[in-house]
Amino acid sequence: MLVLAGAGSGKTRVLTHRLAYLIHRREVHPNDILAITFTNKAAREMRERCEALIGDSIRGMWIGTFHGIGLRILRLNAERLGYSSSFAIFDRADQQRLIKDILKEQNLSEKQWQPNAILDRISRAKNDLLGPADFKPGDYFEQKVADLYVDYQKRLFEYNAMDFDDLIRLTTHLLLAHPDIGTHYAEKFQHVLVDEYQDTNHAQYRLIKAFSKIHRNIFAVGDSDQSIYGWRGADIGNILRFESDFPEADIYKLEQNYRSTSPILEAAHRIIRHNAARQEKELWTRRDGGDPVIFYHAPSAEMEARFVVSYIEQLAREENRPWSDFAILYRTHAQSRLLEMTCHERSVPFRILGSVGFYDRTEVRDALSLLRVIANPQDWVSVRRIINRPKRGIGPASLDKIQQFAEANGLNIHEVLANPESVPGLNKPQRLGLARFGQGLISVLQDVQQRSPAEILEAALDAVDYWTYLDELEPITSFSRRDNLRELIASAQQFVVDVRRGLIPGAEDIESQGQGALLAFLNGVALVTDVDTYEESENQVTLLTLHSAKGLEFPVVFMVGLEEGLFPHARSLLESTALEEERRLCYVGMTRAEDRLIMTSAASRSYYGEYPSPTVISRFIDEIGEDMLAELEPRESESCLMPPADHKLGASLNRSAPKKEKQKEMSAPKVKWQAGEKVRHRVWGEGRIVGCQRREDDVELTIVFDSEGLKTVVADYAPLEQVKD
DNA sequence: ATGCCCACGATTTTT
DNA sequence: TCGTGGGCAT
């Protein structure tokens with residue numbers, strides 16, 4: 001069954017009621033039901049709401065993210081793939097470390113072979129279920145990637161580690177290549193429910209098929225208009241093809257929206273209908289007669305931020321709204337800085353979702369590396385990270401010696417540390433340093449089985465003198481790092497409590513101490529994100545990217561930076577599929593709003609501390625159309641302050657502000673070229689100016705060429721001519 | 001091995 | 001603007 005569930009149409013409700021129905025009415029055992037979501041938050045919410053319906057009877061049900069479910073199955077069957085069940089999970093930072101080490105060994109420069117580009121390509125291959133042996137390189141770049149992929153995967157295996165994509169890919173492989181295991185799970189799972197089906201990639205699609213091979217009960221819920229993870233390998237085709245994929249399936253559409261007022265829905269629909277690849281549906285609501293969608297074009301990015309924050313203050317005051325009613329959505333994290341500063345100035349309480357996450361902080365990563373070395377002695381990425389903190393005189397050269405010695409003799413780090421003097425070629429300070437580290441760690445290892453994750457963490461930090469290391473830092477840094485480490489310890493304590501209460505899916509059978517508990521804790525940490533920890537209850541304005549806003553809703557939503565090149569993002573301008581994804585992103589953002597939606601742009605904005613340059617208002621604003629937008633005029637004296645108070649019916653608003661003329665005013669007349677103009681370059685052909693940057697004595701133009709993509713040229717020298725638009 | 005300075009380049013979104 | 005990698009002195 002496929003349920004095409006429009007934004008705000010109650011898909012979580014459908015899913016939870018279906019689960020409750022299966023267990024309660026159809027008497028399916030919860031153990032035999034698999035429900036897959038994309039975020040832990042969604043999984044938690046589904047579990048809670050289902051519990052509210054049928055109480056304890058959901059115990060044992062498989063609810064989790066793709067990665068979480070994959071992990072759980074892989075832990076149980078790791079040996080069948082040649083891994084040990086204590087394998088580590090490598091996040092992007094670990095992956096980068098690993099690929100950089102490989103590049104270094106092969107004397108390849110990171111400039112020429114950018115680690116992120118390589119990892120992206122490997123990730124795409126994995127999402128297509130292509131292993132190192134199956135990967136067929138197309139161009140020169142991919143030939144190198146193919147080589148690196150082989151080494152990268154070999155190294156992961158040696159380190160007993162998997163990256164995020166492996167959690168899906170290897171699970172699928174496990175089920176397909178080992179018929180006994182595949183049949184076991186396919187027999188077991190009588191019902192497979194999938195949330196956000198439009199965001200599945202090929203590997204996930206195959207995994208779902210493998211799970212449901214025998215009972216053939218797939219219940220997929222999704223919305224092709226909300227597919228925003230194409231860049232991460234999600235294949236919108238999965239949902240578009242559902243009918244032909246499963247000819248015996250029933251399809252339902254949910255088109256009533258229970259969230260937003262009708263102006264918001266209509267504006268959103270005007271955007272999304274510009275897309276070609278979609279399953280037609282039109283949302284309707286009983287919430288007629290809401291406030292019009294507001295558009296405000298600020299003179300500058302600073303003014304835009306001030307407008308947003310003062311508008312929030314005004315609405316909070318006039319409509320007696322708590323801060324938590326408001327969300328500010330932006331395309332890129334970089335945009336959060338200005339808004340953050342402005343909130344700060346005005347003492348408006350806020351929180352930023354998803355920037356530098358808790359688990360990305362140096363000290364937290366250090367501490368987790370320590371635990372990972374304890375849990376999985378083959379994880380050399382973690383060994384290399386932690387072994388010299390605090391300084392023990394063991395730099396890169398010594399590290400290589402130690403690791404080479406270990407590899408040559410088939411030893412893991414625990415075994416090396418038991419006998420540190422056996423490592424050849426080290427000088428005295430290095431030998432002493434290694435021995436010191438070894439003594440500390442081994443003392444912790446001895447009673448891992450009798451200790452909880454929190455106790456192990458505390459003991460380990462003590463044993464390797466980590467606190468001393470913090471002492472050497474600036475007092476302020478040192479203080480906040482201690483704070484964070486205490487928080488990490490507290491979260492480890494909380495983890496044990498959660499396990500006991502059965503709140504950690506797949507960890508019901510885990511003890512509260514020892515190696516198993518430690519691994520479970522590390523797993524949990526590896527898969528959580530900032531959005532997962534978001535709590536509605538805190539009374540703060542929420543700042544977040546459009547992507548992380550998916551699945552959330554707010555009474556008042558601000559979408560900022562509606563400018564060509566920013567949103568839609570410059571990298572999407574060349575490809576129509578990418579542009580359509582931007583459009584869906586816009587749709588997702590708009591449909592987060594319950595009562596009020598305010599969209600803004602700035603006439604000038606600076607990137608990376610450069611001089612501000614003029615911008616072009618986003619095409620999305622045009623697509624909504626002036627008749628649907630209440631446009632606020634910036635007022636000279638107080639443009640940074642309040643919008644008109646009586647905007648309710650849009651009566652006092654300039655509803656058809658002459659945008660195009662305004663743009664002309666913005667760029668200084670002495671500049672020959674303007675952003676937005678169509679031009680022809682003698683070599684690169686036709687393109688459109690998207691940025692115009694004044695330097696000391698020249699003008700730099702950023703141009704998207706039809707054939708060449710994004711280029712930057714100096715206006716005085718570039719062979720450019722104007723083209724009629 | 002370590003620490004400091006300088007130049008450089010990148011900035012989309014994240015389970 | 002910021003983080004980082006390379007070069008160089010200690």
# chains A, B, ... in the order shown; residues from 1 in each chain; ligands from 1
>>> closest_atom_pairs(of="chain B", to="chain C", cutoff="9 Å", atoms="only C-alpha atoms (C1' of nucleotides)", output="JSON lines")
{"residue": "B:DT2", "atom": "C1'", "partner": "C:DT10", "partner_atom": "C1'", "distance": 8.6}
{"residue": "B:DG3", "atom": "C1'", "partner": "C:DT10", "partner_atom": "C1'", "distance": 8.6}
{"residue": "B:DC4", "atom": "C1'", "partner": "C:DA9", "partner_atom": "C1'", "distance": 8.8}
{"residue": "B:DC5", "atom": "C1'", "partner": "C:DC8", "partner_atom": "C1'", "distance": 9.0}
{"residue": "B:DC6", "atom": "C1'", "partner": "C:DG7", "partner_atom": "C1'", "distance": 8.9}
>>> residues_around(residues="B:DT14", least_positions_apart="6", cutoff="9 Å", atoms="only C-alpha atoms (C1' of nucleotides)", output="JSON, numbers by chain")
{"A": [229, 232, 529, 547, 548]}
>>> interface_residues(of="chain B", to="chain A", cutoff="8 Å", atoms="only C-alpha atoms (C1' of nucleotides)", output="NGL selection string")
:B and (1 or 11-13 or 15)
>>> write_last_selection(atoms="all heavy atoms", output="tab-separated table (two decimals), in the first residue's frame")
chain	number	residue	atom	x	y	z
B	1	DA	P	57.96	12.21	15.85
B	1	DA	OP1	57.24	11.07	16.44
B	1	DA	OP2	57.55	12.74	14.57
B	1	DA	O5'	57.95	13.41	16.91
B	1	DA	C5'	58.22	13.13	18.27
B	1	DA	C4'	57.93	14.36	19.08
B	1	DA	O4'	58.85	15.41	18.68
B	1	DA	C3'	56.53	14.95	18.92
B	1	DA	O3'	56.11	15.40	20.18
B	1	DA	C2'	56.72	16.10	17.93
B	1	DA	C1'	58.12	16.56	18.25
B	1	DA	N9	58.87	17.09	17.11
B	1	DA	C8	59.03	16.53	15.88
B	1	DA	N7	59.78	17.22	15.06
B	1	DA	C5	60.14	18.33	15.81
B	1	DA	C6	60.94	19.44	15.52
B	1	DA	N6	61.54	19.63	14.35
B	1	DA	N1	61.11	20.36	16.50
B	1	DA	C2	60.52	20.17	17.67
B	1	DA	N3	59.74	19.16	18.07
B	1	DA	C4	59.60	18.26	17.07
B	11	DT	P	33.99	23.43	0.63
B	11	DT	OP1	33.64	23.46	2.01
B	11	DT	OP2	34.70	22.33	-0.03
B	11	DT	O5'	32.72	23.72	-0.27
B	11	DT	C5'	32.37	25.04	-0.57
B	11	DT	C4'	31.51	25.61	0.56
B	11	DT	O4'	32.35	26.24	1.55
B	11	DT	C3'	30.60	26.77	0.16
B	11	DT	O3'	29.45	26.36	-0.57
B	11	DT	C2'	30.26	27.34	1.54
B	11	DT	C1'	31.59	27.19	2.27
B	11	DT	N1	32.35	28.49	2.29
B	11	DT	C2	32.39	29.18	3.49
B	11	DT	O2	31.85	28.77	4.50
B	11	DT	N3	33.08	30.35	3.44
B	11	DT	C4	33.71	30.90	2.35
B	11	DT	O4	34.29	31.98	2.44
B	11	DT	C5	33.63	30.12	1.14
B	11	DT	C7	34.31	30.63	-0.11
B	11	DT	C6	32.97	28.97	1.17
B	12	DT	P	29.15	24.64	-0.21
B	12	DT	OP1	29.48	25.07	1.11
B	12	DT	OP2	29.78	23.49	-0.87
B	12	DT	O5'	27.56	24.35	-0.28
B	12	DT	C5'	26.73	25.40	-0.07
B	12	DT	C4'	25.78	25.09	1.04
B	12	DT	O4'	24.62	24.53	0.47
B	12	DT	C3'	26.17	24.10	2.12
B	12	DT	O3'	25.41	24.42	3.28
B	12	DT	C2'	25.77	22.77	1.56
B	12	DT	C1'	24.62	23.12	0.64
B	12	DT	N1	24.73	22.50	-0.68
B	12	DT	C2	23.59	22.37	-1.44
B	12	DT	O2	22.50	22.74	-1.04
B	12	DT	N3	23.78	21.79	-2.66
B	12	DT	C4	24.96	21.34	-3.20
B	12	DT	O4	24.99	20.85	-4.31
B	12	DT	C5	26.13	21.53	-2.37
B	12	DT	C7	27.45	21.08	-2.88
B	12	DT	C6	25.95	22.09	-1.17
B	13	DT	P	25.45	23.61	4.59
B	13	DT	OP1	25.12	24.51	5.69
B	13	DT	OP2	26.59	22.67	4.71
B	13	DT	O5'	24.20	22.74	4.20
B	13	DT	C5'	23.05	22.71	5.00
B	13	DT	C4'	22.08	21.77	4.36
B	13	DT	O4'	22.34	21.66	2.96
B	13	DT	C3'	22.22	20.35	4.87
B	13	DT	O3'	21.35	20.22	5.95
B	13	DT	C2'	21.73	19.50	3.70
B	13	DT	C1'	21.84	20.43	2.50
B	13	DT	N1	22.75	19.95	1.44
B	13	DT	C2	22.26	19.92	0.16
B	13	DT	O2	21.13	20.26	-0.10
B	13	DT	N3	23.15	19.47	-0.78
B	13	DT	C4	24.44	19.07	-0.57
B	13	DT	O4	25.13	18.69	-1.50
B	13	DT	C5	24.91	19.15	0.80
B	13	DT	C7	26.29	18.76	1.13
B	13	DT	C6	24.04	19.58	1.71
B	15	DT	P	21.13	14.17	10.50
B	15	DT	OP1	20.02	14.95	11.05
B	15	DT	OP2	22.44	14.22	11.15
B	15	DT	O5'	20.67	12.64	10.37
B	15	DT	C5'	19.46	12.33	9.72
B	15	DT	C4'	19.54	10.92	9.21
B	15	DT	O4'	20.53	10.85	8.18
B	15	DT	C3'	19.93	9.87	10.26
B	15	DT	O3'	19.10	8.74	10.09
B	15	DT	C2'	21.37	9.54	9.94
B	15	DT	C1'	21.41	9.77	8.44
B	15	DT	N1	22.73	10.14	7.90
B	15	DT	C2	23.21	9.49	6.78
B	15	DT	O2	22.59	8.60	6.24
B	15	DT	N3	24.42	9.92	6.33
B	15	DT	C4	25.20	10.92	6.86
B	15	DT	O4	26.27	11.23	6.37
B	15	DT	C5	24.65	11.59	8.02
B	15	DT	C7	25.40	12.68	8.67
B	15	DT	C6	23.46	11.17	8.48
>>> select_by_dssp(residues="stretch 553-593 of chain A", states="strand (DSSP E or B)", output="VMD selection string")
chain A and resid 554 to 559 563 565 to 566 569 593
>>> write_last_selection(atoms="all heavy atoms", output="PDB file, in the first residue's frame")
ATOM      1  N   PHE A 554       5.626  24.905  13.001  1.00  0.00           N
ATOM      2  CA  PHE A 554       5.676  26.050  13.901  1.00  0.00           C
ATOM      3  C   PHE A 554       4.522  26.992  13.571  1.00  0.00           C
ATOM      4  O   PHE A 554       4.188  27.166  12.390  1.00  0.00           O
ATOM      5  CB  PHE A 554       6.991  26.818  13.727  1.00  0.00           C
ATOM      6  CG  PHE A 554       8.215  25.998  13.988  1.00  0.00           C
ATOM      7  CD1 PHE A 554       8.813  25.282  12.956  1.00  0.00           C
ATOM      8  CD2 PHE A 554       8.773  25.929  15.257  1.00  0.00           C
ATOM      9  CE1 PHE A 554       9.943  24.509  13.184  1.00  0.00           C
ATOM     10  CE2 PHE A 554       9.901  25.162  15.497  1.00  0.00           C
ATOM     11  CZ  PHE A 554      10.482  24.455  14.459  1.00  0.00           C
ATOM     12  N   PRO A 555       3.949  27.640  14.578  1.00  0.00           N
ATOM     13  CA  PRO A 555       2.884  28.603  14.316  1.00  0.00           C
ATOM     14  C   PRO A 555       3.331  29.740  13.399  1.00  0.00           C
ATOM     15  O   PRO A 555       2.591  30.140  12.505  1.00  0.00           O
ATOM     16  CB  PRO A 555       2.532  29.126  15.712  1.00  0.00           C
ATOM     17  CG  PRO A 555       2.863  27.982  16.620  1.00  0.00           C
ATOM     18  CD  PRO A 555       4.093  27.351  16.017  1.00  0.00           C
ATOM     19  N   VAL A 556       4.546  30.261  13.617  1.00  0.00           N
ATOM     20  CA  VAL A 556       5.032  31.359  12.788  1.00  0.00           C
ATOM     21  C   VAL A 556       6.377  30.987  12.178  1.00  0.00           C
ATOM     22  O   VAL A 556       7.316  30.665  12.898  1.00  0.00           O
ATOM     23  CB  VAL A 556       5.199  32.654  13.606  1.00  0.00           C
ATOM     24  CG1 VAL A 556       5.608  33.808  12.688  1.00  0.00           C
ATOM     25  CG2 VAL A 556       3.910  32.987  14.357  1.00  0.00           C
ATOM     26  N   VAL A 557       6.449  31.036  10.853  1.00  0.00           N
ATOM     27  CA  VAL A 557       7.686  30.657  10.178  1.00  0.00           C
ATOM     28  C   VAL A 557       8.227  31.825   9.369  1.00  0.00           C
ATOM     29  O   VAL A 557       7.497  32.461   8.609  1.00  0.00           O
ATOM     30  CB  VAL A 557       7.456  29.446   9.251  1.00  0.00           C
ATOM     31  CG1 VAL A 557       8.637  29.242   8.313  1.00  0.00           C
ATOM     32  CG2 VAL A 557       7.195  28.189  10.065  1.00  0.00           C
ATOM     33  N   PHE A 558       9.510  32.112   9.544  1.00  0.00           N
ATOM     34  CA  PHE A 558      10.221  33.060   8.704  1.00  0.00           C
ATOM     35  C   PHE A 558      11.151  32.284   7.789  1.00  0.00           C
ATOM     36  O   PHE A 558      11.902  31.434   8.248  1.00  0.00           O
ATOM     37  CB  PHE A 558      11.065  34.013   9.557  1.00  0.00           C
ATOM     38  CG  PHE A 558      10.259  35.005  10.345  1.00  0.00           C
ATOM     39  CD1 PHE A 558       9.683  34.656  11.562  1.00  0.00           C
ATOM     40  CD2 PHE A 558      10.078  36.297   9.875  1.00  0.00           C
ATOM     41  CE1 PHE A 558       8.939  35.566  12.290  1.00  0.00           C
ATOM     42  CE2 PHE A 558       9.332  37.219  10.597  1.00  0.00           C
ATOM     43  CZ  PHE A 558       8.760  36.856  11.802  1.00  0.00           C
ATOM     44  N   MET A 559      11.080  32.595   6.490  1.00  0.00           N
ATOM     45  CA  MET A 559      12.065  32.029   5.568  1.00  0.00           C
ATOM     46  C   MET A 559      12.899  33.175   5.054  1.00  0.00           C
ATOM     47  O   MET A 559      12.364  34.113   4.456  1.00  0.00           O
ATOM     48  CB  MET A 559      11.358  31.318   4.410  1.00  0.00           C
ATOM     49  CG  MET A 559      10.816  29.950   4.810  1.00  0.00           C
ATOM     50  SD  MET A 559       9.780  29.203   3.538  1.00  0.00           S
ATOM     51  CE  MET A 559      10.983  28.901   2.248  1.00  0.00           C
ATOM     52  N   GLU A 563      16.918  34.654  -2.338  1.00  0.00           N
ATOM     53  CA  GLU A 563      17.683  35.323  -3.376  1.00  0.00           C
ATOM     54  C   GLU A 563      18.252  34.291  -4.333  1.00  0.00           C
ATOM     55  O   GLU A 563      18.648  33.209  -3.923  1.00  0.00           O
ATOM     56  CB  GLU A 563      18.849  36.105  -2.731  1.00  0.00           C
ATOM     57  CG  GLU A 563      18.388  37.253  -1.857  1.00  0.00           C
ATOM     58  CD  GLU A 563      19.281  37.437  -0.632  1.00  0.00           C
ATOM     59  OE1 GLU A 563      20.486  37.232  -0.762  1.00  0.00           O
ATOM     60  OE2 GLU A 563      18.743  37.760   0.441  1.00  0.00           O
ATOM     61  N   GLY A 565      20.699  32.258  -6.309  1.00  0.00           N
ATOM     62  CA  GLY A 565      22.072  31.894  -5.984  1.00  0.00           C
ATOM     63  C   GLY A 565      22.224  31.429  -4.545  1.00  0.00           C
ATOM     64  O   GLY A 565      23.151  30.704  -4.202  1.00  0.00           O
ATOM     65  N   LEU A 566      21.318  31.914  -3.717  1.00  0.00           N
ATOM     66  CA  LEU A 566      21.330  31.459  -2.334  1.00  0.00           C
ATOM     67  C   LEU A 566      20.172  30.466  -2.158  1.00  0.00           C
ATOM     68  O   LEU A 566      20.343  29.370  -1.646  1.00  0.00           O
ATOM     69  CB  LEU A 566      21.168  32.655  -1.390  1.00  0.00           C
ATOM     70  CG  LEU A 566      21.265  32.371   0.105  1.00  0.00           C
ATOM     71  CD1 LEU A 566      22.586  31.705   0.445  1.00  0.00           C
ATOM     72  CD2 LEU A 566      21.120  33.663   0.904  1.00  0.00           C
ATOM     73  N   HIS A 569      19.881  27.664  -4.564  1.00  0.00           N
ATOM     74  CA  HIS A 569      21.319  27.725  -4.425  1.00  0.00           C
ATOM     75  C   HIS A 569      21.992  27.698  -5.792  1.00  0.00           C
ATOM     76  O   HIS A 569      21.520  27.040  -6.717  1.00  0.00           O
ATOM     77  CB  HIS A 569      21.799  26.535  -3.599  1.00  0.00           C
ATOM     78  CG  HIS A 569      23.190  26.719  -3.095  1.00  0.00           C
ATOM     79  ND1 HIS A 569      24.285  26.368  -3.842  1.00  0.00           N
ATOM     80  CD2 HIS A 569      23.655  27.243  -1.940  1.00  0.00           C
ATOM     81  CE1 HIS A 569      25.374  26.666  -3.156  1.00  0.00           C
ATOM     82  NE2 HIS A 569      25.014  27.195  -2.003  1.00  0.00           N
ATOM     83  N   ALA A 593       4.595  26.126   8.264  1.00  0.00           N
ATOM     84  CA  ALA A 593       3.918  27.208   8.979  1.00  0.00           C
ATOM     85  C   ALA A 593       2.449  26.874   9.262  1.00  0.00           C
ATOM     86  O   ALA A 593       1.736  26.383   8.382  1.00  0.00           O
ATOM     87  CB  ALA A 593       4.002  28.492   8.157  1.00  0.00           C
TER      88      ALA A 593
END
>>> closest_atom_pairs(of="stretch 252-356 of chain A", to="stretch 616-626 of chain A", cutoff="12 Å", atoms="only C-alpha atoms", output="Markdown table")
| residue | atom | partner | partner_atom | distance |
| --- | --- | --- | --- | --- |
| A:Pro263 | CA | A:Ile624 | CA | 10.8 |
| A:Ile264 | CA | A:Ile624 | CA | 10.4 |
| A:Leu265 | CA | A:Ile624 | CA | 10.9 |
| A:Glu266 | CA | A:Ile624 | CA | 8.6 |
| A:Ala267 | CA | A:Ile624 | CA | 5.5 |
| A:Ala268 | CA | A:Ile624 | CA | 7.5 |
| A:His269 | CA | A:Ile624 | CA | 8.4 |
| A:Arg270 | CA | A:Ile624 | CA | 5.4 |
| A:Ile271 | CA | A:Glu623 | CA | 5.7 |
| A:Ile272 | CA | A:Glu623 | CA | 9.1 |
| A:Arg273 | CA | A:Glu623 | CA | 9.4 |
| A:His274 | CA | A:Glu623 | CA | 8.0 |
| A:Asn275 | CA | A:Glu623 | CA | 11.2 |
| A:Pro292 | CA | A:Glu626 | CA | 11.3 |
| A:Val293 | CA | A:Ile624 | CA | 9.8 |
| A:Ile294 | CA | A:Glu626 | CA | 10.3 |
| A:Phe295 | CA | A:Ile621 | CA | 8.1 |
| A:Tyr296 | CA | A:Ile621 | CA | 10.4 |
| A:His297 | CA | A:Ile617 | CA | 8.2 |
| A:Ala298 | CA | A:Ile617 | CA | 10.6 |
| A:Pro299 | CA | A:Ile617 | CA | 11.7 |
>>> write_last_selection(atoms="C-alpha atoms", output="mmCIF file, in the first residue's frame")
data_model
loop_
_atom_site.group_PDB
_atom_site.id
_atom_site.type_symbol
_atom_site.label_atom_id
_atom_site.label_comp_id
_atom_site.auth_asym_id
_atom_site.auth_seq_id
_atom_site.Cartn_x
_atom_site.Cartn_y
_atom_site.Cartn_z
ATOM 1 C CA PRO A 263 -3.148 31.463 2.103
ATOM 2 C CA ILE A 264 -0.084 29.512 3.193
ATOM 3 C CA LEU A 265 -1.214 26.407 1.372
ATOM 4 C CA GLU A 266 -2.099 28.243 -1.774
ATOM 5 C CA ALA A 267 1.208 30.066 -1.883
ATOM 6 C CA ALA A 268 3.042 26.775 -1.369
ATOM 7 C CA HIS A 269 1.027 25.129 -4.094
ATOM 8 C CA ARG A 270 1.854 27.897 -6.539
ATOM 9 C CA ILE A 271 5.502 27.074 -6.061
ATOM 10 C CA ILE A 272 5.320 23.327 -6.292
ATOM 11 C CA ARG A 273 3.132 23.233 -9.353
ATOM 12 C CA HIS A 274 6.090 24.521 -11.386
ATOM 13 C CA ASN A 275 7.698 21.113 -11.009
ATOM 14 C CA PRO A 292 -1.685 36.665 3.948
ATOM 15 C CA VAL A 293 1.824 35.426 3.326
ATOM 16 C CA ILE A 294 4.166 38.348 3.807
ATOM 17 C CA PHE A 295 7.170 39.244 1.688
ATOM 18 C CA TYR A 296 9.752 41.742 2.833
ATOM 19 C CA HIS A 297 12.690 42.870 0.726
ATOM 20 C CA ALA A 298 15.285 44.362 3.044
ATOM 21 C CA PRO A 299 17.986 46.781 1.905
#
>>> select_by_dssp(residues="stretch 72-157 of chain A", states="alpha helix (DSSP H)", output="ChimeraX atom specification")
/A:72-77,92-105,115-127,140-157
>>> write_last_selection(atoms="C-alpha atoms", output="PDB file, in the first residue's frame")
ATOM      1  CA  ARG A  72      21.013  -3.919  14.923  1.00  0.00           C
ATOM      2  CA  ILE A  73      20.981  -6.692  12.348  1.00  0.00           C
ATOM      3  CA  LEU A  74      24.646  -6.254  11.536  1.00  0.00           C
ATOM      4  CA  ARG A  75      25.678  -6.504  15.172  1.00  0.00           C
ATOM      5  CA  LEU A  76      23.928  -9.844  15.382  1.00  0.00           C
ATOM      6  CA  ASN A  77      25.457 -11.153  12.170  1.00  0.00           C
ATOM      7  CA  ARG A  92      32.117  11.807   8.218  1.00  0.00           C
ATOM      8  CA  ALA A  93      34.996  13.105  10.301  1.00  0.00           C
ATOM      9  CA  ASP A  94      36.377   9.605  10.771  1.00  0.00           C
ATOM     10  CA  GLN A  95      35.958   8.911   7.083  1.00  0.00           C
ATOM     11  CA  GLN A  96      37.859  12.066   6.252  1.00  0.00           C
ATOM     12  CA  ARG A  97      40.670  11.141   8.571  1.00  0.00           C
ATOM     13  CA  LEU A  98      40.900   7.745   6.943  1.00  0.00           C
ATOM     14  CA  ILE A  99      40.835   8.956   3.356  1.00  0.00           C
ATOM     15  CA  LYS A 100      43.407  11.642   4.172  1.00  0.00           C
ATOM     16  CA  ASP A 101      45.724   9.026   5.628  1.00  0.00           C
ATOM     17  CA  ILE A 102      45.343   6.963   2.482  1.00  0.00           C
ATOM     18  CA  LEU A 103      46.011   9.972   0.252  1.00  0.00           C
ATOM     19  CA  LYS A 104      49.122  10.769   2.227  1.00  0.00           C
ATOM     20  CA  GLU A 105      50.438   7.238   1.893  1.00  0.00           C
ATOM     21  CA  PRO A 115      38.711  14.158   0.416  1.00  0.00           C
ATOM     22  CA  ASN A 116      35.103  15.301   0.462  1.00  0.00           C
ATOM     23  CA  ALA A 117      34.621  14.891  -3.262  1.00  0.00           C
ATOM     24  CA  ILE A 118      36.096  11.402  -3.095  1.00  0.00           C
ATOM     25  CA  LEU A 119      33.949  10.443  -0.129  1.00  0.00           C
ATOM     26  CA  ASP A 120      30.846  11.783  -1.844  1.00  0.00           C
ATOM     27  CA  ARG A 121      31.551   9.647  -4.872  1.00  0.00           C
ATOM     28  CA  ILE A 122      32.182   6.557  -2.748  1.00  0.00           C
ATOM     29  CA  SER A 123      29.002   7.262  -0.837  1.00  0.00           C
ATOM     30  CA  ARG A 124      27.015   7.448  -4.050  1.00  0.00           C
ATOM     31  CA  ALA A 125      28.467   4.146  -5.178  1.00  0.00           C
ATOM     32  CA  LYS A 126      27.504   2.553  -1.883  1.00  0.00           C
ATOM     33  CA  ASN A 127      23.993   3.922  -2.108  1.00  0.00           C
ATOM     34  CA  TYR A 140      39.761  10.297 -14.860  1.00  0.00           C
ATOM     35  CA  PHE A 141      38.507  11.367 -11.449  1.00  0.00           C
ATOM     36  CA  GLU A 142      36.500   8.220 -11.017  1.00  0.00           C
ATOM     37  CA  GLN A 143      39.437   6.056 -11.994  1.00  0.00           C
ATOM     38  CA  LYS A 144      41.316   7.424  -9.031  1.00  0.00           C
ATOM     39  CA  VAL A 145      38.227   7.098  -6.874  1.00  0.00           C
ATOM     40  CA  ALA A 146      37.962   3.444  -7.866  1.00  0.00           C
ATOM     41  CA  ASP A 147      41.489   2.797  -6.587  1.00  0.00           C
ATOM     42  CA  LEU A 148      40.951   4.775  -3.419  1.00  0.00           C
ATOM     43  CA  TYR A 149      37.624   3.065  -2.815  1.00  0.00           C
ATOM     44  CA  VAL A 150      39.385  -0.317  -2.768  1.00  0.00           C
ATOM     45  CA  ASP A 151      41.917   0.890  -0.215  1.00  0.00           C
ATOM     46  CA  TYR A 152      39.335   2.744   1.799  1.00  0.00           C
ATOM     47  CA  GLN A 153      37.089  -0.265   2.133  1.00  0.00           C
ATOM     48  CA  LYS A 154      39.991  -2.567   2.872  1.00  0.00           C
ATOM     49  CA  ARG A 155      41.093  -0.250   5.602  1.00  0.00           C
ATOM     50  CA  LEU A 156      37.624   0.013   7.108  1.00  0.00           C
ATOM     51  CA  PHE A 157      37.523  -3.753   7.243  1.00  0.00           C
TER      52      PHE A 157
END
>>> atom_distance(atom1="atom CA of A:Gly10", atom2="atom CA of A:Asn257")
7.7 Å
>>> decode(residues="stretch 99-110 of chain A", atoms="C-alpha atoms", output="tab-separated table (two decimals), in the first residue's frame")
chain	number	residue	atom	x	y	z
A	99	ILE	CA	40.83	8.96	3.36
A	100	LYS	CA	43.41	11.64	4.17
A	101	ASP	CA	45.72	9.03	5.63
A	102	ILE	CA	45.34	6.96	2.48
A	103	LEU	CA	46.01	9.97	0.25
A	104	LYS	CA	49.12	10.77	2.23
A	105	GLU	CA	50.44	7.24	1.89
A	106	GLN	CA	49.99	7.39	-1.84
A	107	ASN	CA	51.57	10.82	-2.07
A	108	LEU	CA	48.44	12.37	-3.49
A	109	SER	CA	47.71	15.98	-2.66
A	110	GLU	CA	44.50	16.87	-0.89
